[in-house]
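*Asks:* The structure's right below; bear with me while I get my questions together.
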Amino acid sequence: MPFHHQRSLDAVPTPTAGAMTEPSREAPLTAANNIEPFFVLHKAAAGASLTTPRARRRVDKISQPSSPNPKSAKRPRDEDVEDEGDMELYEQLRLEAFHRTWSKIQSTINEVLRGINLKLFDQVLRWVQESFSTVRSVIRPCPAEIQQPYPLLTDVICRKIPTAFVLTKNAEFVDDVTTFRDLSNHLESNGCHLAKLSSTELSAKHGVAACLKSLLRQLLSAVPDQVADVSALASWYCGAKNYDQPIIIVIDDLEQCSGDVLGELVMTLSEWVIKIPIFFVMGVATTLDAPRKLLSSEALQQLDPCQLTMGSPSDRMNALVEAILVKPCAGFCISHEVAVFLKNYFFRHDGTITSFISALKLACSKHFSVEPLSFLCMGTLEEDCENFWRDKFGAMPEAMQKLAFGLPSCTRENNSIKPGNNLVEGLSALMKLQRDWSSVLSCLYEAGRHGKVQLLDIFCEAINPDLRTQKDSNIELLMSKVTSGNLTSGNSGAGRRFLAQALDTVRYMPMETLVRVLKVWSIHSEGMNEINDKVKELQSTTTSADCMRITKDKWTRSTNSTANGAVPLNEKATMLLDDITRKFLVPVECLPFHEIICFKNVGVLQSALIGNPRRMVQLDLLKSQSRLKCSCCSRNGIAVSASLHDTSIMCNLAQEYGDVINLHDWYLSFDGIINNTNSKGKRKLIGSPSKKKSKAAPQESEAMIQARFCRAVTELQITGLLRMPSKRRPDLVQRVAFGP
């Protein structure tokens with residue numbers, strides 16, 4: 001519900017707290033980009049520019065810093081204007097940094113999901129090619145036979161339509177949209193004729209005729225005006241360009257389709273399957289028994305099923321977390337509290353990848369809108385990041401430079417890593433430590449995944465800053481007390497359950513598996529020479545006779561590994577992993593300058609995603625002056641100004657009553673505010689010496705005030721802040737309050 005003033009104001013439109021400014025016009029206005037609510041608070045002046053000429057001059061100063069001229073003395077008003085220009089400039093830099101950062105993250109997400117699904121896509125394509133070869137091996141009809149109205153063969157086997165049921169394992173269909181879109185593009189790029197039918201088209205409302213029309217519309221360039229018939233499709237398929245490829249019909253959400261309409265479509269197309277090789281690819285979200293529950297037995301007999309399965313949502317989540325959080329592709333990262341919140345948000349939404357990505361995008365936008373120095377995060381995308389940071393830091397105002405070294409991570413006394421006096425060196429060291437942290441965490445996950453440890457779980461533990469405050473002696477004592485019993489019960493203590501489980505997995509890992517794990521460790525530790533040399537040393541010991549003993553019995557899990565016959569190589573690998581974990585697994589929140597790249601405000605994210613919409617509407621109505629930031633409301637102090645929106649006035653007046661509000665008293669208060677403003681304007685006109693410049697506001701009629709009152713009451717009722725009067729007490733309404 002937009003807010004606006006009843007009279008013209010000179011203020012500039014102001015976005016809600018924490019919101020980003022309006023994106024550039026080059027960015028597409030899609031639902032995915034427009035992730036934050038906004039309010040139309042004021043109407044900007046025509047032709048107003050977001051950047052002042054002085055701010056544009058500052059853009060040149062940012063790119064090429066120039067020496068200041070000591071002779072050019074500026075007035076205080078000029079300094080204020082330049083400060084305002086600097087704020088606009090850095091706000092634009094943060095907006096540009098957000099778009100570049102999220103564009104990099106989004107492209108990485110698309111590549112990861114496409115890579116995961118590529119194996120499935122190749123399986124579907126291979127099935128299509130084999131089915132097409134099988135159909136053509138039975139008979140290869142000529143164009144004249146294809147256009148005949150009667151079937152060529154009556155054999156039941158030859159009338160079955162090859163159908164691939166793809167089990168997606170997703171509780172929500174939103175994750176399947178992108179998958180089936182990419183699958184359709186993959187099949188079409190490999191020469192298949194493709195048509196897609198949605199659950200809306202396969203509904204009882206439209207019937208099978210609408211499905212046939214949709215097929216013809218997607219395949220034929222010119223759709224005949226008469227009733228849709230398969231014979232038109234047969235005539236099109238006889239063309240030289242269309243004859244040697246199958247027709248694939250993709251139905252992405254089988255459970256939402258009408259069983260009767262889909263069954264009738266199957267029966268219709270089964271009569272033409274030899275003449276026209278038509279195959280089905282159907283997405284099944286729940287179980288592979290869904291087609292049996294949806295279709296009749298007669299329709300099922302006309303299908304030749306093939307079952308394919310996508311990767312689980314947890315596998316896709318592990319790949320995404322590794323690509324965008326463990327190995328930050330764009331420099332942006334999140335804190336421990338935010339990671340735990342996103343993890344819980346993911347599982348509360350039935351493991352929906354789309355919900356996790358949307359929440360991460362919102363966290364990214366909030367970070368760049370709140371943190372003044374977040375535009376420096378864009379330096380990680382540059383080839384020469386140090387030169388980028390050096391130029392930006394040199395062009396910063398002195399106040400912003402002091403802000404960088406006044407960050408909490410640089411001023412706390414218990415810092416194990418000192419920030420130094422150079423921002424460029426500090427950011428470079430931060431990136432180096434983050435790369436080492438990423439390599440060690442990848443080694444931990446490579447070991448832990450053999451013990452069914454999920455990457456999201458071990459990631460949340462690895463970025464917990466509270467674990468870093470523990471002494472090494474306590475950590476060693478904790479690791480020595482970890483056994484398989486308390487791991488399964490979850491009592492590993494100090495929140496290190498999954499880290500300890502990864503170490504325990506290495507200690508009792510079979511030799512063949514350990515050799516493969518060490519090979520992966522050598523890849524992850526390529527940038528860390530000291531660790532890479534130790535890993536290669538362990539790899540070399542695997543060729544000795546002492547370490548290649550093979551036993552069929554499982555090792556008894558105990559703290560004394562020598563007594564139970566365990567291979568010494570496992571203990572060496574465990575000690576190495578434990579050592580690099582304590583040395584290099586430093587959470588980002590323990591590093592200086594981490595506020596520039598790390599989003600920590602979980603409260604803002606929680607209120608934006610979960611929130612309490614009615615309470616937020618109520619707070620916006622009660623504190624509309626802080627949103628509008630206009631001069632007329634600030635002059636009145638705490639008094640309610642008549643220039644506010646009628647709904648905001650009514651909501652403020654309602655606070656003077658209890659749970660029950662008398663409509664007549666409420667109207668008199670509202671009328672008093674409106675008429676009081678008009679009478680003040682009239683008296684000011686009489687006593688003013690410059691009568692030509694002052695004009696009194698026109699007096700509101702009683703009918704107009706009543707209409708405005710009724711509209712405001714209705715809006716409060718629609719938003720849920722008010723219950724309308726009952727027949728028993730028509731003069732009273734009940735106020736609904738949310739929160740304090």
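Residue names in the structure tokens use chain letters A, B, ... in the order shown, residue numbers from 1 in each chain, and ligand numbers from 1 in the order shown.
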Could you pull out all residues of range 154-398 of chain A with a DSSP call of strand (DSSP E) and give them as a ChimeraX atom specification?

*Replies:* /A:161-167,193-197,247-251,278-284,303-309,333-334

*Asks:* Could you write out that same residue set with N, CA and C atoms as a compact mmCIF listing (two decimals), in the first residue's frame?

*Replies:*
# COMPACT_ATOMS: atom_id res chain seq x y z
N ILE A 161 4.08 -46.62 -26.61
CA ILE A 161 4.85 -45.38 -26.73
C ILE A 161 6.00 -45.42 -25.74
N PRO A 162 7.25 -45.30 -26.18
CA PRO A 162 8.38 -45.23 -25.23
C PRO A 162 8.22 -44.01 -24.32
N THR A 163 8.29 -44.25 -23.03
CA THR A 163 8.05 -43.19 -22.04
C THR A 163 9.12 -43.26 -20.96
N ALA A 164 9.77 -42.13 -20.71
CA ALA A 164 10.78 -42.02 -19.66
C ALA A 164 10.17 -41.27 -18.47
N PHE A 165 10.10 -41.94 -17.33
CA PHE A 165 9.64 -41.32 -16.09
C PHE A 165 10.86 -40.87 -15.30
N VAL A 166 11.02 -39.55 -15.17
CA VAL A 166 12.17 -38.96 -14.48
C VAL A 166 11.76 -38.60 -13.06
N LEU A 167 12.32 -39.31 -12.08
CA LEU A 167 12.02 -39.05 -10.67
C LEU A 167 12.89 -37.90 -10.19
N HIS A 193 12.89 -33.22 -32.30
CA HIS A 193 11.75 -32.31 -32.35
C HIS A 193 11.12 -32.29 -30.96
N LEU A 194 10.90 -31.10 -30.44
CA LEU A 194 10.50 -30.99 -29.04
C LEU A 194 9.20 -30.23 -28.92
N ALA A 195 8.34 -30.70 -27.99
CA ALA A 195 7.11 -30.02 -27.62
C ALA A 195 6.90 -30.21 -26.13
N LYS A 196 6.44 -29.16 -25.48
CA LYS A 196 6.22 -29.19 -24.03
C LYS A 196 4.75 -28.98 -23.72
N LEU A 197 4.22 -29.80 -22.83
CA LEU A 197 2.85 -29.69 -22.37
C LEU A 197 2.85 -29.46 -20.87
N ILE A 247 10.02 -37.24 -32.19
CA ILE A 247 9.30 -36.13 -31.55
C ILE A 247 9.20 -36.43 -30.06
N ILE A 248 9.72 -35.54 -29.25
CA ILE A 248 9.73 -35.71 -27.79
C ILE A 248 8.70 -34.77 -27.19
N ILE A 249 7.78 -35.32 -26.40
CA ILE A 249 6.79 -34.53 -25.67
C ILE A 249 7.19 -34.53 -24.20
N VAL A 250 7.53 -33.36 -23.66
CA VAL A 250 8.00 -33.22 -22.28
C VAL A 250 6.84 -32.74 -21.42
N ILE A 251 6.52 -33.49 -20.37
CA ILE A 251 5.51 -33.13 -19.37
C ILE A 251 6.24 -33.06 -18.04
N ILE A 278 6.74 -40.81 -31.65
CA ILE A 278 6.49 -39.85 -30.57
C ILE A 278 6.83 -40.51 -29.24
N PHE A 279 7.69 -39.86 -28.46
CA PHE A 279 8.11 -40.37 -27.16
C PHE A 279 7.71 -39.37 -26.08
N PHE A 280 7.45 -39.90 -24.88
CA PHE A 280 7.11 -39.07 -23.72
C PHE A 280 8.30 -39.01 -22.76
N VAL A 281 8.52 -37.82 -22.17
CA VAL A 281 9.42 -37.63 -21.02
C VAL A 281 8.60 -36.94 -19.94
N MET A 282 8.32 -37.65 -18.86
CA MET A 282 7.42 -37.16 -17.82
C MET A 282 8.17 -37.02 -16.50
N GLY A 283 8.00 -35.89 -15.86
CA GLY A 283 8.61 -35.66 -14.55
C GLY A 283 7.70 -36.13 -13.44
N VAL A 284 8.28 -36.91 -12.52
CA VAL A 284 7.54 -37.45 -11.37
C VAL A 284 8.24 -36.95 -10.12
N LEU A 303 2.04 -47.72 -22.83
CA LEU A 303 3.31 -47.08 -22.52
C LEU A 303 4.39 -48.13 -22.34
N ASP A 304 5.57 -47.81 -22.86
CA ASP A 304 6.76 -48.65 -22.65
C ASP A 304 7.69 -47.88 -21.70
N PRO A 305 7.58 -48.12 -20.38
CA PRO A 305 8.24 -47.23 -19.41
C PRO A 305 9.73 -47.47 -19.28
N CYS A 306 10.42 -46.37 -18.93
CA CYS A 306 11.83 -46.40 -18.56
C CYS A 306 12.00 -45.45 -17.38
N GLN A 307 12.63 -45.92 -16.32
CA GLN A 307 12.73 -45.13 -15.09
C GLN A 307 14.12 -44.52 -14.97
N LEU A 308 14.16 -43.20 -14.79
CA LEU A 308 15.41 -42.47 -14.59
C LEU A 308 15.28 -41.63 -13.32
N THR A 309 16.40 -41.37 -12.66
CA THR A 309 16.36 -40.67 -11.38
C THR A 309 17.37 -39.53 -11.39
N CYS A 333 30.83 -13.62 1.38
CA CYS A 333 30.66 -14.75 2.28
C CYS A 333 29.65 -14.39 3.36
N ILE A 334 29.27 -15.37 4.17
CA ILE A 334 28.26 -15.17 5.21
C ILE A 334 28.84 -15.62 6.55

*Asks:* Excluding Ile649 in chain A and residues on its chain fewer than 6 positions from it, collect all residues at most 10 Å away from it, counting only C-alpha atoms, and give them as a list in words.

*Replies:*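 What passes the distance filter is Leu621, Leu622, Ser624, Val640, Ser641, Ala642, Ser643, Ser669, Phe670, Ile673, Ile674, Phe709 and Ala712 of chain A.
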
*Asks:* Mind listing the alpha helix (DSSP H) residues of range 245-389 of chain A, per DSSP on the backbone, as a VMD selection string?

*Replies:* chain A and resid 259 to 270 290 to 294 297 to 300 313 to 321 336 to 348 353 to 370 385 to 389

*Asks:* Interatomic distance between CA of Pro277 in chain A and CA of Leu183 in chain A?

*Replies:*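 A separation of 19.1 Å between them.
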
*Asks:* Give me, as JSON, numbers by chain, all polymer residues having an atom no more than 12 Å from Met431 in chain A, counting only C-alpha atoms and skipping those fewer than 3 positions away in the same chain.

*Replies:* {"A": [327, 328, 329, 330, 331, 332, 333, 377, 379, 380, 381, 385, 386, 424, 425, 426, 427, 428, 434, 435, 436, 437, 438, 588, 591, 592, 593, 594, 596, 597, 598]}

*Asks:* Tell me, as number ranges by chain, which residues lie within 10 Å of Arg94 in chain A, counting only C-alpha atoms; anything in the same chain fewer than 2 positions away does not count.

*Replies:* A: 20-21, 88-92, 96-100, 365, 367-378

*Asks:* Write out as a ChimeraX atom specification each polymer residue whose atoms come within 10 Å of range 443-458 of chain A, counting only C-alpha atoms; drop sequence neighbours fewer than 4 positions from it.

*Replies:* /A:314-315,317-322,325-326,339-340,342-343,438-439,462-463,496-507,509,513-514,516-518,520-525,574,577-578,580-581

*Asks:* Using only C-alpha atoms, can you tell me which of A:Leu202, A:Ala285, A:Leu269, A:Leu295 comes closest to Ser231 in chain A?

*Replies:*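 Among the listed residues, the smallest separation from Ser231 in chain A belongs to A:Leu269.
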
*Asks:* Any idea what the distance is between CA of Leu219 in chain A and CA of Thr134 in chain A?

*Replies:*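 That distance, rounded to one decimal, is 23.4 Å.
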
*Asks:* For a quick check of understanding, using only C-alpha atoms, which of A:Val230, A:Met396, A:Val535, A:Cys410 has the smallest distance to Glu271 in chain A?

*Replies:* A:Val230

*Asks:* Would you mind reading off the distance between CA of Lys402 in chain A and CA of Trp102 in chain A, one decimal, in Å?

*Replies:*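 According to the coordinates, CA of Lys402 in chain A and CA of Trp102 in chain A are separated by 28.1 Å.
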
*Asks:* Out of A:Lys366, A:Lys534, A:Arg136, A:Lys572, which residue has the shortest atom-to-atom distance to Gln245 in chain A when counting only C-alpha atoms?

*Replies:*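 Between A:Lys366, A:Lys534, A:Arg136, A:Lys572, the residue approaching Gln245 in chain A most closely is A:Arg136.
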
*Asks:* Counting only C-alpha atoms, which residue out of A:Gly658, A:Pro465, A:Pro730, A:Gly672 sits closest to Glu702 in chain A?

*Replies:*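 Under the stated criterion, the closest residue is A:Gly672.
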